[in-house]
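Quick notes on the structure that follows.
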Amino acid sequence: MRLIFLGPPGAGKGTQAEKLAHQCRIPHISTGDILRQAITNKTSLGLQAKTHVEAGELVPDILVMALMRERFGQRDVKQGWILDGFPRNLTQAQALDQLLQIFGQFYTHVVNFRVSAEVLIARMLERGRQDDNEATIRRRLAVYEEETAPLIDLYQRRRCLIEIDGTLTIAEVTQLLQENLTSQLLV
Ligand code: AMP
C-alpha cells in the first residue's frame with residue numbers, strides 16, 4: 001500500500017497515518033516529524049528549517065526533497081508507505097513523481113481529509129504543539145490554501161483521490177478510511 005495523506009494542518013492526518021501504518025506494518029513518513037526531530041537534534045537540516053517551521057512557512061523545497069531522497073533510500077520503504085504532510089505544493093508533487101519513478105514505485109491513492117477552518121483552529125490550539133500559537137496557525141492555514149490545496153485538483157484529475165470527512169471523531173474517521181480502502185482492495 002502506498003498512500004499520500006493530504007489535508008490542512010490539524011485535519012487528523014498524522015493520527016490516522018500512524019494507526020494505519022502500524023496496522024499494515026509500513027512506514028509512516030511525516031516530513032513535519034522528521035523536521036521537528038532535526039530541529040530538536042540541532043542537525044544542519046534542523047538549523048536551516050527552524051525559522052521556517054516556527055513562522056508557519058514551508059521549509060524550502062530543496063531541503064525537503066533532500067530529506068525525502070534520503071528517506072526513500074532506506075530499506076523499509078520497499079514494503080509500502082504512507083506520506084503525511086508531503087507533498088505540500090506543486091513543485092514537491094512533481095519532484096515526488098520523479099523520485100518515485102527513480103525508485104520504480106507509485107502511490108496507489110491520495111486521501112484528502114476535509115475539515116473547516118474553525119474546527120482546525122480549535123483543534124490545533126488544544127493540541128498545543130510548539131508551532132501551534134494562534135498567529136502561526138493562521139499562517140499555516142493560509143499557506144495550506146495557497147500552496148497545498150491546489151494539489152486536490154491535481155490528484156482528482158489523476159482519479160486517485162479518496163475524500164474523507166475529517167470533522168468526525170478519530171474512531172469514525174478510522175472506520176471510514178478502512179471502508180474506503182477495503183473497497184479499493186487496499187487493506
Ligand atoms: P506538519 O507537522 O506537517 O504540520 O508540519 C509542520 C511544519 O513543518 C510546517 O508548518 C512546515 O513549516 C514544515 N513542513 C512539514 N512538511 C513540509 C513540506 N513537505 N514542505 C515544506 N515544509 C514542511
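Chain labels run A, B, ... following the order of the C-alpha cells; each chain numbers its residues from 1, and ligands are numbered from 1 in the order shown.
Within the 10 Å cut-off around A:Ala17, using only C-alpha atoms and omitting residues fewer than 4 positions from it on the same chain, the listed residues are Leu3, Ile4, Phe5, Gly12, Lys13, Ala21, His22, Gln23, Pro27, His28, Ile29, Ser30, Trp81, Ile82, Leu83, Asp84 and Thr174 of chain A.
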Task: Contacts with ligand 1 at most 9 Å, only C-alpha atoms and all ligand atoms counted, listed as a PyMOL selection string - done: chain A and resi 8-10+13-14+30-36+49-61+63-65+84-89+92+131+136-137+139-140+143-144
- [ ] Give the alpha helix (DSSP H) residues of chain A, as DSSP finds them on the backbone, and put them as a ChimeraX atom specification.
- [x] /A:13-24,31-40,44-55,61-72,90-102,117-127,134-143,150-157,170-183
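The space separating atom CA of A:Val111 from atom CA of A:Gly80 comes to 15.3 Å.
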- [ ] Find the spatial neighbours of stretch 156-166 of chain A, counting only C-alpha atoms, within a cut-off of 12 Å - ignore same-chain residues fewer than 2 positions away - and output them as a PyMOL selection string.
- [x] chain A and resi 2-16+106-117+119-120+123+149-154+168-181+183-184
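Those residues of stretch 8-145 of chain A that DSSP, working from the backbone, places in strand (DSSP E) are His28, Ile29, Ser30, Trp81, Ile82, Leu83, Asp84, His109, Val110, Val111, Asn112, Phe113 and Arg114 of chain A.
Closest approach to A:Tyr155 from the set A:Leu100, A:Leu90, A:Leu141, A:Met124 is made by A:Leu90, with distances taken over only C-alpha atoms.
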- [ ] May I ask which of the residues A:Ala122, A:Arg129, A:Phe103, A:Thr182 is the closest one to A:Phe72, counting only C-alpha atoms?
- [x] A:Phe103
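Atom pair atom CA of A:Thr91 / atom CA of A:Glu70: separated by 17.9 Å.
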